[in-house]
>>> print(open('run.tsv').read())   # TSV, C-alpha atoms
chain	number	residue	atom	x	y	z
A	8	MET	CA	-47.51	50.01	6.59
A	9	LEU	CA	-50.84	51.06	5.09
A	10	LEU	CA	-51.76	54.55	6.27
A	11	ASP	CA	-55.09	54.64	4.49
A	12	ASP	CA	-56.65	53.04	1.42
A	13	ASP	CA	-54.53	55.26	-0.81
A	14	VAL	CA	-51.21	55.70	1.06
A	15	LEU	CA	-48.58	53.03	1.73
A	16	ILE	CA	-45.41	53.63	3.75
A	17	ASP	CA	-42.72	51.31	2.35
A	18	ALA	CA	-43.63	48.26	0.32
A	19	GLY	CA	-41.98	45.26	1.87
A	20	THR	CA	-43.95	42.33	3.23
A	21	GLY	CA	-47.71	42.57	3.65
A	22	VAL	CA	-48.88	43.89	0.29
A	23	GLY	CA	-49.53	40.32	-0.81
A	24	ASP	CA	-52.12	40.00	1.95
A	25	LEU	CA	-54.32	42.63	0.27
A	26	THR	CA	-57.09	41.88	-2.19
A	27	LEU	CA	-56.89	43.18	-5.75
A	28	ASP	CA	-59.43	45.90	-4.96
A	29	GLU	CA	-57.39	46.99	-1.94
A	30	MET	CA	-54.20	47.12	-4.00
A	31	VAL	CA	-55.89	49.18	-6.72
A	32	ARG	CA	-56.83	51.80	-4.09
A	33	ILE	CA	-53.17	52.45	-3.19
A	34	ASP	CA	-52.24	55.65	-5.01
A	35	HIS	CA	-49.16	56.82	-3.10
A	36	VAL	CA	-46.14	54.85	-1.82
A	37	PHE	CA	-43.64	56.58	0.48
A	38	VAL	CA	-40.32	54.71	0.56
A	39	THR	CA	-37.83	55.07	3.42
A	40	HIS	CA	-34.77	53.71	1.58
A	41	SER	CA	-33.64	51.36	-1.16
A	42	HIS	CA	-32.97	48.11	0.70
A	43	LEU	CA	-34.85	45.14	-0.69
A	44	ASP	CA	-37.13	44.48	2.27
A	45	HIS	CA	-38.53	48.00	1.90
A	46	ILE	CA	-39.16	48.00	-1.86
A	47	CYS	CA	-39.71	44.36	-2.79
A	48	SER	CA	-43.49	44.60	-3.25
A	49	ILE	CA	-43.50	47.70	-5.45
A	50	PRO	CA	-42.78	45.74	-8.68
A	51	PHE	CA	-45.48	43.17	-7.91
A	52	LEU	CA	-47.97	45.86	-6.91
A	53	VAL	CA	-47.47	47.75	-10.18
A	54	ASP	CA	-47.39	44.58	-12.27
A	55	THR	CA	-50.59	43.26	-10.66
A	56	VAL	CA	-52.82	46.33	-10.73
A	57	GLY	CA	-51.17	48.84	-13.08
A	58	HIS	CA	-53.56	47.97	-15.89
A	59	ARG	CA	-56.54	48.40	-13.54
A	60	ARG	CA	-55.64	51.96	-12.59
A	61	ASN	CA	-56.65	55.24	-14.22
A	62	THR	CA	-53.64	57.17	-12.91
A	63	PRO	CA	-50.00	56.21	-12.28
A	64	LEU	CA	-48.93	54.84	-8.91
A	65	MET	CA	-46.89	57.65	-7.33
A	66	VAL	CA	-43.68	56.64	-5.51
A	67	TYR	CA	-42.19	59.24	-3.14
A	68	ALA	CA	-38.58	59.01	-1.92
A	69	ILE	CA	-35.42	61.03	-1.54
A	70	GLY	CA	-33.33	61.42	-4.68
A	71	GLU	CA	-30.76	58.75	-3.80
A	72	THR	CA	-33.49	56.15	-3.32
A	73	LEU	CA	-35.17	57.04	-6.60
A	74	ASP	CA	-31.80	56.76	-8.35
A	75	ALA	CA	-31.45	53.25	-6.92
A	76	LEU	CA	-34.92	52.28	-8.16
A	77	ARG	CA	-34.15	53.59	-11.64
A	78	THR	CA	-30.72	51.98	-11.82
A	79	HIS	CA	-31.22	48.66	-10.10
A	80	LEU	CA	-34.90	47.75	-10.27
A	81	PHE	CA	-37.14	49.40	-12.88
A	82	ASN	CA	-34.42	49.18	-15.52
A	83	ASP	CA	-35.77	46.58	-18.01
A	84	CYS	CA	-33.24	44.13	-16.58
A	85	ILE	CA	-34.49	43.25	-13.10
A	86	TRP	CA	-38.01	44.55	-13.82
A	87	PRO	CA	-39.73	46.41	-16.65
A	88	ASP	CA	-39.47	50.19	-16.52
A	89	PHE	CA	-43.07	51.00	-15.70
A	90	THR	CA	-42.29	54.72	-15.75
A	91	ILE	CA	-42.48	54.45	-19.54
A	92	LEU	CA	-44.83	51.47	-19.89
A	93	PRO	CA	-47.34	50.94	-21.35
A	94	GLN	CA	-46.75	54.40	-22.88
A	95	PRO	CA	-44.39	57.19	-21.73
A	96	GLU	CA	-47.27	59.64	-21.69
A	97	ALA	CA	-49.45	57.30	-19.60
A	98	PRO	CA	-47.16	55.13	-17.42
A	99	TYR	CA	-48.14	52.78	-14.61
A	100	LEU	CA	-45.59	54.37	-12.25
A	101	GLN	CA	-44.25	57.84	-11.56
A	102	TYR	CA	-41.56	59.12	-9.18
A	103	ARG	CA	-41.86	62.14	-6.91
A	104	GLU	CA	-38.61	63.24	-5.27
A	105	ILE	CA	-38.84	64.60	-1.74
A	106	THR	CA	-36.21	66.01	0.59
A	107	ARG	CA	-35.57	65.53	4.30
A	108	GLY	CA	-37.82	67.89	6.21
A	109	GLU	CA	-40.24	68.28	3.30
A	110	THR	CA	-43.95	67.88	3.96
A	111	VAL	CA	-46.37	66.44	1.41
A	112	SER	CA	-50.07	67.20	1.89
A	113	LEU	CA	-52.59	64.60	0.76
A	114	ALA	CA	-56.33	64.90	1.41
A	115	GLY	CA	-55.85	66.94	4.57
A	116	ARG	CA	-53.01	64.78	5.90
A	117	LYS	CA	-49.39	65.85	6.16
A	118	ILE	CA	-46.50	63.43	5.60
A	119	THR	CA	-43.04	64.72	6.51
A	120	ALA	CA	-39.73	63.02	5.66
A	121	LEU	CA	-37.48	62.70	8.72
A	122	ALA	CA	-33.73	62.19	8.97
A	123	ALA	CA	-32.53	58.60	9.47
A	124	ASN	CA	-29.07	57.17	10.14
A	125	HIS	CA	-28.59	54.07	7.98
A	126	LEU	CA	-26.03	52.44	5.68
A	127	VAL	CA	-27.75	53.91	2.64
A	128	PRO	CA	-29.49	57.30	2.40
A	129	ALA	CA	-32.76	56.89	4.28
A	130	VAL	CA	-35.64	58.69	5.94
A	131	GLY	CA	-38.44	58.03	8.38
A	132	TYR	CA	-41.86	59.65	8.22
A	133	CYS	CA	-44.20	61.67	10.41
A	134	LEU	CA	-47.86	61.19	9.52
A	135	ASP	CA	-50.08	64.02	10.80
A	136	SER	CA	-53.86	63.77	10.46
A	137	GLY	CA	-54.41	67.09	12.22
A	138	ALA	CA	-55.90	65.33	15.23
A	139	ALA	CA	-52.76	63.30	16.00
A	140	SER	CA	-49.40	62.23	14.60
A	141	LEU	CA	-47.63	58.92	14.08
A	142	VAL	CA	-43.85	58.72	13.63
A	143	PHE	CA	-42.23	55.79	11.81
A	144	THR	CA	-38.46	55.94	12.26
A	145	GLY	CA	-37.65	53.67	9.33
A	146	ASP	CA	-34.36	51.80	9.59
A	147	THR	CA	-31.98	53.85	11.70
A	148	GLY	CA	-29.17	53.70	14.19
A	149	PRO	CA	-28.69	56.36	16.88
A	150	ASN	CA	-30.24	59.53	15.48
A	151	ASP	CA	-30.28	62.83	17.39
A	152	ALA	CA	-31.81	64.69	14.43
A	153	LEU	CA	-34.90	62.47	14.61
A	154	TRP	CA	-35.58	63.30	18.24
A	155	GLU	CA	-35.08	66.99	17.68
A	156	PHE	CA	-38.00	66.89	15.25
A	157	VAL	CA	-40.14	64.44	17.24
A	158	ASN	CA	-39.92	66.46	20.44
A	159	GLY	CA	-41.46	69.40	18.59
A	160	ILE	CA	-44.62	67.49	17.56
A	161	VAL	CA	-47.54	68.92	19.53
A	162	ASN	CA	-49.97	66.06	18.80
A	163	LEU	CA	-47.71	62.98	18.91
A	164	ARG	CA	-49.67	59.80	19.66
A	165	TYR	CA	-47.76	56.85	18.17
A	166	LEU	CA	-44.08	56.05	17.68
A	167	ILE	CA	-43.06	53.03	15.60
A	168	ILE	CA	-39.35	52.42	16.08
A	169	GLU	CA	-37.14	49.65	14.79
A	170	THR	CA	-35.12	47.32	17.02
A	171	ALA	CA	-33.72	44.84	14.55
A	172	PHE	CA	-31.27	42.89	16.70
A	173	SER	CA	-31.02	41.46	20.20
A	174	ASN	CA	-28.24	42.61	22.50
A	175	HIS	CA	-25.93	39.74	21.66
A	176	ASP	CA	-25.76	41.21	18.13
A	177	TYR	CA	-24.84	44.71	19.36
A	178	ALA	CA	-21.79	44.83	17.08
A	179	ILE	CA	-23.88	43.91	14.03
A	180	ALA	CA	-26.49	46.52	14.97
A	181	MET	CA	-23.83	49.21	15.19
A	182	ALA	CA	-22.14	48.15	11.93
A	183	SER	CA	-25.45	48.04	10.01
A	184	ARG	CA	-26.89	51.14	11.71
A	185	HIS	CA	-29.82	49.43	13.32
A	186	LEU	CA	-30.91	49.35	16.95
A	187	CYS	CA	-30.73	46.62	19.56
A	188	PRO	CA	-32.47	46.90	22.98
A	189	SER	CA	-29.58	48.67	24.71
A	190	LEU	CA	-29.35	51.19	21.87
A	191	PHE	CA	-33.14	51.50	21.81
A	192	ALA	CA	-33.08	52.40	25.50
A	193	GLU	CA	-30.51	55.13	24.87
A	194	GLU	CA	-32.59	56.52	22.01
A	195	ILE	CA	-35.95	56.44	23.76
A	196	ARG	CA	-34.53	58.45	26.67
A	197	LYS	CA	-34.22	61.32	24.17
A	198	LEU	CA	-38.02	61.35	23.73
A	199	ARG	CA	-39.54	64.06	25.94
A	200	LEU	CA	-43.19	63.54	24.94
A	201	PRO	CA	-45.73	60.85	25.85
A	202	ALA	CA	-46.49	58.36	23.06
A	203	GLU	CA	-47.59	54.80	22.50
A	204	ILE	CA	-44.43	53.00	21.38
A	205	PHE	CA	-44.32	49.99	19.06
A	206	ILE	CA	-41.27	47.95	18.08
A	207	THR	CA	-40.80	46.80	14.48
A	208	HIS	CA	-38.16	45.11	12.28
A	209	LEU	CA	-37.61	42.28	14.78
A	210	LYS	CA	-35.58	39.39	13.41
A	211	PRO	CA	-37.48	36.06	13.14
A	212	GLY	CA	-36.24	33.65	15.77
A	213	ASP	CA	-35.16	36.45	18.10
A	214	MET	CA	-38.47	38.29	18.52
A	215	GLU	CA	-39.29	37.08	22.05
A	216	LEU	CA	-35.71	37.54	23.23
A	217	THR	CA	-35.45	41.03	21.78
A	218	MET	CA	-38.79	42.15	23.21
A	219	SER	CA	-37.79	40.74	26.61
A	220	GLU	CA	-34.55	42.71	26.45
A	221	VAL	CA	-36.47	45.83	25.40
A	222	ALA	CA	-38.80	45.45	28.42
A	223	ASN	CA	-35.83	45.02	30.74
A	224	ALA	CA	-34.04	48.03	29.28
A	225	VAL	CA	-36.92	50.48	29.75
A	226	ASP	CA	-39.59	50.31	32.41
A	227	ALA	CA	-41.57	53.51	31.99
A	228	CYS	CA	-42.79	53.64	28.38
A	229	GLN	CA	-43.98	49.99	28.05
A	230	PRO	CA	-43.21	49.46	24.35
A	231	ARG	CA	-45.16	46.78	22.49
A	232	MET	CA	-44.34	44.69	19.44
A	233	LEU	CA	-45.98	45.91	16.23
A	234	GLU	CA	-48.44	43.22	15.19
A	235	HIS	CA	-49.15	42.02	11.67
A	236	GLY	CA	-52.22	43.79	10.35
A	237	GLN	CA	-52.36	46.23	13.26
A	238	VAL	CA	-54.58	49.25	12.63
A	239	PHE	CA	-53.89	52.77	13.94
A	240	GLU	CA	-56.73	55.27	13.82
A	241	PHE	CA	-55.79	58.90	14.34
>>> encode(input="run.tsv", output="C-alpha cells")
Amino acid sequence: MLLDDDVLIDAGTGVGDLTLDEMVRIDHVFVTHSHLDHICSIPFLVDTVGHRRNTPLMVYAIGETLDALRTHLFNDCIWPDFTILPQPEAPYLQYREITRGETVSLAGRKITALAANHLVPAVGYCLDSGAASLVFTGDTGPNDALWEFVNGIVNLRYLIIETAFSNHDYAIAMASRHLCPSLFAEEIRKLRLPAEIFITHLKPGDMELTMSEVANAVDACQPRMLEHGQVFEF
C-alpha cells in the first residue's frame, strides 16, 4: 500500500506495477510482519533502484520482524545483505526498529504501529495526515487492543481490514489468526466510530463468496473490497 511517493506500507504484490522513477521515490517502507507476502518485493525494490538512490531505503518494523529479515532474507544466502552493500558506510538499505504504540513523524504525517494478533509478531498501522486518519489492521485475528486504539482516533476516515478466508474455512482462519466474515462481523461491532471500511487479503477464487458473506454478516457499515491501485486522499 503506497501512502505517498515516499512511504510504502508493506512490500508484497504491487511494487512491480510501479515505474523505475516511482520506485526510486520510495524512501520509507513500514512492514507489518515477516511473512513472505508482506516482504517479498523489498529485495527486488532494493536490487532494482538501490544504485539510483542517494540515501538508503529505510525499512521500519518491530524488532522481531527485523531479526527475521536479517536472519532469513538479507543474509547473503537468500539475498545479498544490502545493509552493508555496496559499502557499510553507504548501504542501499537500513533498518529502523519501532515498537507497538510508537509514532514516527515524516513530513508532517504521523505513522503509529498498532497491536496485531497473528502467528508471528505483527503490527498494523495508523496513518494520520492531520486532516484525517487511515487504519490498516495488517494480518490479524480477533484483536481487542486494536479497537481500543482505533476508538480513540478523533479523525478516523478509512479502515482497511483483512478478511482472508470465507466462512467455510473458519477453522483455518482461527488457526492462522486471520479473519473470516463471521469473525469480521464480531470485530467490526467493536468499532464505535464512523469510517469507510475496505476489505483486503481476500483469497483468489473465494473473493466474491467472501465479500457476499461479509455483506450478509453486517448491514450497517457497507464494507467494500479494496481495489488494486485504489487511491486514498486524506
>>> atom_distance(input="run.tsv", atom1="CA of Arg164 in chain A", atom2="CA of Ser140 in chain A")
5.6 Å
>>> residues_near_point(input="run.tsv", point="(-39.3, 51.8, 3.6)", cutoff="6 Å", atoms="only C-alpha atoms", output="list in words")
Asp17, Val38, Thr39, His40 and His45 of chain A
>>> residues_around(input="run.tsv", residues="Gly212 in chain A", least_positions_apart="3", cutoff="12 Å", atoms="only C-alpha atoms", output="short mmCIF file (atom, residue, chain, number, x, y, z; two decimals) with C-alpha atoms, in the frame of the given file")
data_model
loop_
_atom_site.label_atom_id
_atom_site.label_comp_id
_atom_site.auth_asym_id
_atom_site.auth_seq_id
_atom_site.Cartn_x
_atom_site.Cartn_y
_atom_site.Cartn_z
CA ALA A 171 -33.72 44.84 14.55
CA PHE A 172 -31.27 42.89 16.70
CA SER A 173 -31.02 41.46 20.20
CA LEU A 209 -37.61 42.28 14.78
CA GLU A 215 -39.29 37.08 22.05
CA LEU A 216 -35.71 37.54 23.23
CA THR A 217 -35.45 41.03 21.78
CA MET A 218 -38.79 42.15 23.21
#
>>> residues_around(input="run.tsv", residues="range 64-72 of chain A", least_positions_apart="4", cutoff="6 Å", atoms="all atoms listed in the file", output="ChimeraX atom specification")
/A:34-38,40-41,100-106
>>> residues_around(input="run.tsv", residues="His58 in chain A", least_positions_apart="3", cutoff="12 Å", atoms="only C-alpha atoms", output="VMD selection string")
chain A and resid 27 30 to 31 52 to 55 61 to 64 89 92 to 94 97 to 100
>>> atom_distance(input="run.tsv", atom1="CA of Asp83 in chain A", atom2="CA of Ile49 in chain A")
14.8 Å
>>> closest_residue(input="run.tsv", among="A:Arg107, A:Arg59, A:Arg32, A:Lys117", to="Gly131 in chain A", atoms="only C-alpha atoms")
A:Arg107
>>> closest_residue(input="run.tsv", among="A:Pro50, A:Phe241, A:Asn223, A:Gly23", to="Leu134 in chain A", atoms="all atoms listed in the file")
A:Phe241
>>> decode(input="run.tsv", residues="range 81-105 of chain A", atoms="N, CA, C and O atoms", output="compact mmCIF listing (two decimals), in the first residue's frame")
# COMPACT_ATOMS: atom_id res chain seq x y z
N PHE A 81 18.00 -10.98 4.04
CA PHE A 81 19.21 -10.22 3.67
C PHE A 81 20.40 -10.80 4.44
O PHE A 81 20.97 -10.16 5.33
N ASN A 82 20.79 -12.01 4.04
CA ASN A 82 21.80 -12.76 4.80
C ASN A 82 22.93 -13.30 3.93
O ASN A 82 23.69 -14.16 4.36
N ASP A 83 22.98 -12.82 2.67
CA ASP A 83 23.97 -13.31 1.69
C ASP A 83 23.76 -14.77 1.31
O ASP A 83 24.64 -15.39 0.71
N CYS A 84 22.61 -15.32 1.69
CA CYS A 84 22.26 -16.68 1.27
C CYS A 84 21.00 -16.62 0.40
O CYS A 84 21.03 -17.03 -0.76
N ILE A 85 19.91 -16.11 0.95
CA ILE A 85 18.70 -15.91 0.16
C ILE A 85 18.83 -14.65 -0.70
O ILE A 85 18.43 -14.63 -1.86
N TRP A 86 19.42 -13.60 -0.13
CA TRP A 86 19.59 -12.33 -0.86
C TRP A 86 20.80 -11.60 -0.30
O TRP A 86 21.13 -11.77 0.88
N PRO A 87 21.47 -10.82 -1.11
CA PRO A 87 22.63 -10.06 -0.59
C PRO A 87 22.23 -9.19 0.60
O PRO A 87 21.10 -8.71 0.69
N ASP A 88 23.17 -8.97 1.49
CA ASP A 88 22.93 -8.12 2.65
C ASP A 88 23.17 -6.68 2.25
O ASP A 88 24.28 -6.15 2.34
N PHE A 89 22.11 -6.02 1.81
CA PHE A 89 22.23 -4.66 1.32
C PHE A 89 22.36 -3.64 2.45
O PHE A 89 22.44 -2.44 2.18
N THR A 90 22.40 -4.11 3.70
CA THR A 90 22.70 -3.18 4.80
C THR A 90 24.20 -2.92 4.90
O THR A 90 24.62 -2.02 5.65
N ILE A 91 25.00 -3.69 4.16
CA ILE A 91 26.44 -3.44 4.12
C ILE A 91 26.96 -3.31 2.70
O ILE A 91 28.17 -3.14 2.49
N LEU A 92 26.07 -3.38 1.72
CA LEU A 92 26.45 -3.24 0.32
C LEU A 92 25.84 -1.97 -0.25
O LEU A 92 24.72 -1.59 0.11
N PRO A 93 26.54 -1.26 -1.15
CA PRO A 93 27.86 -1.58 -1.69
C PRO A 93 29.02 -1.29 -0.73
O PRO A 93 30.08 -1.85 -0.87
N GLN A 94 28.78 -0.43 0.28
CA GLN A 94 29.78 -0.21 1.34
C GLN A 94 29.04 -0.08 2.67
O GLN A 94 27.94 0.47 2.72
N PRO A 95 29.62 -0.59 3.75
CA PRO A 95 28.94 -0.48 5.06
C PRO A 95 28.62 0.95 5.45
O PRO A 95 27.60 1.20 6.11
N GLU A 96 29.45 1.89 5.05
CA GLU A 96 29.20 3.28 5.41
C GLU A 96 28.18 3.95 4.48
O GLU A 96 27.70 5.06 4.77
N ALA A 97 27.84 3.33 3.38
CA ALA A 97 26.87 3.88 2.44
C ALA A 97 26.02 2.75 1.85
O ALA A 97 26.11 2.45 0.66
N PRO A 98 25.20 2.09 2.66
CA PRO A 98 24.43 0.92 2.19
C PRO A 98 23.19 1.34 1.40
O PRO A 98 22.76 2.49 1.45
N TYR A 99 22.63 0.36 0.68
CA TYR A 99 21.38 0.59 -0.03
C TYR A 99 20.18 0.52 0.90
O TYR A 99 19.11 1.04 0.57
N LEU A 100 20.34 -0.13 2.06
CA LEU A 100 19.21 -0.43 2.94
C LEU A 100 19.60 -0.21 4.39
O LEU A 100 20.71 -0.57 4.79
N GLN A 101 18.70 0.38 5.16
CA GLN A 101 18.91 0.49 6.60
C GLN A 101 17.64 0.08 7.33
O GLN A 101 16.53 0.21 6.80
N TYR A 102 17.81 -0.42 8.56
CA TYR A 102 16.68 -0.81 9.40
C TYR A 102 16.42 0.26 10.45
O TYR A 102 17.35 0.87 10.97
N ARG A 103 15.16 0.42 10.79
CA ARG A 103 14.77 1.31 11.89
C ARG A 103 13.75 0.56 12.75
O ARG A 103 12.62 0.31 12.31
N GLU A 104 14.15 0.14 13.93
CA GLU A 104 13.24 -0.61 14.80
C GLU A 104 12.22 0.32 15.43
O GLU A 104 12.55 1.40 15.90
N ILE A 105 10.98 -0.12 15.42
CA ILE A 105 9.90 0.60 16.09
C ILE A 105 9.22 -0.35 17.07
O ILE A 105 9.41 -1.57 17.02
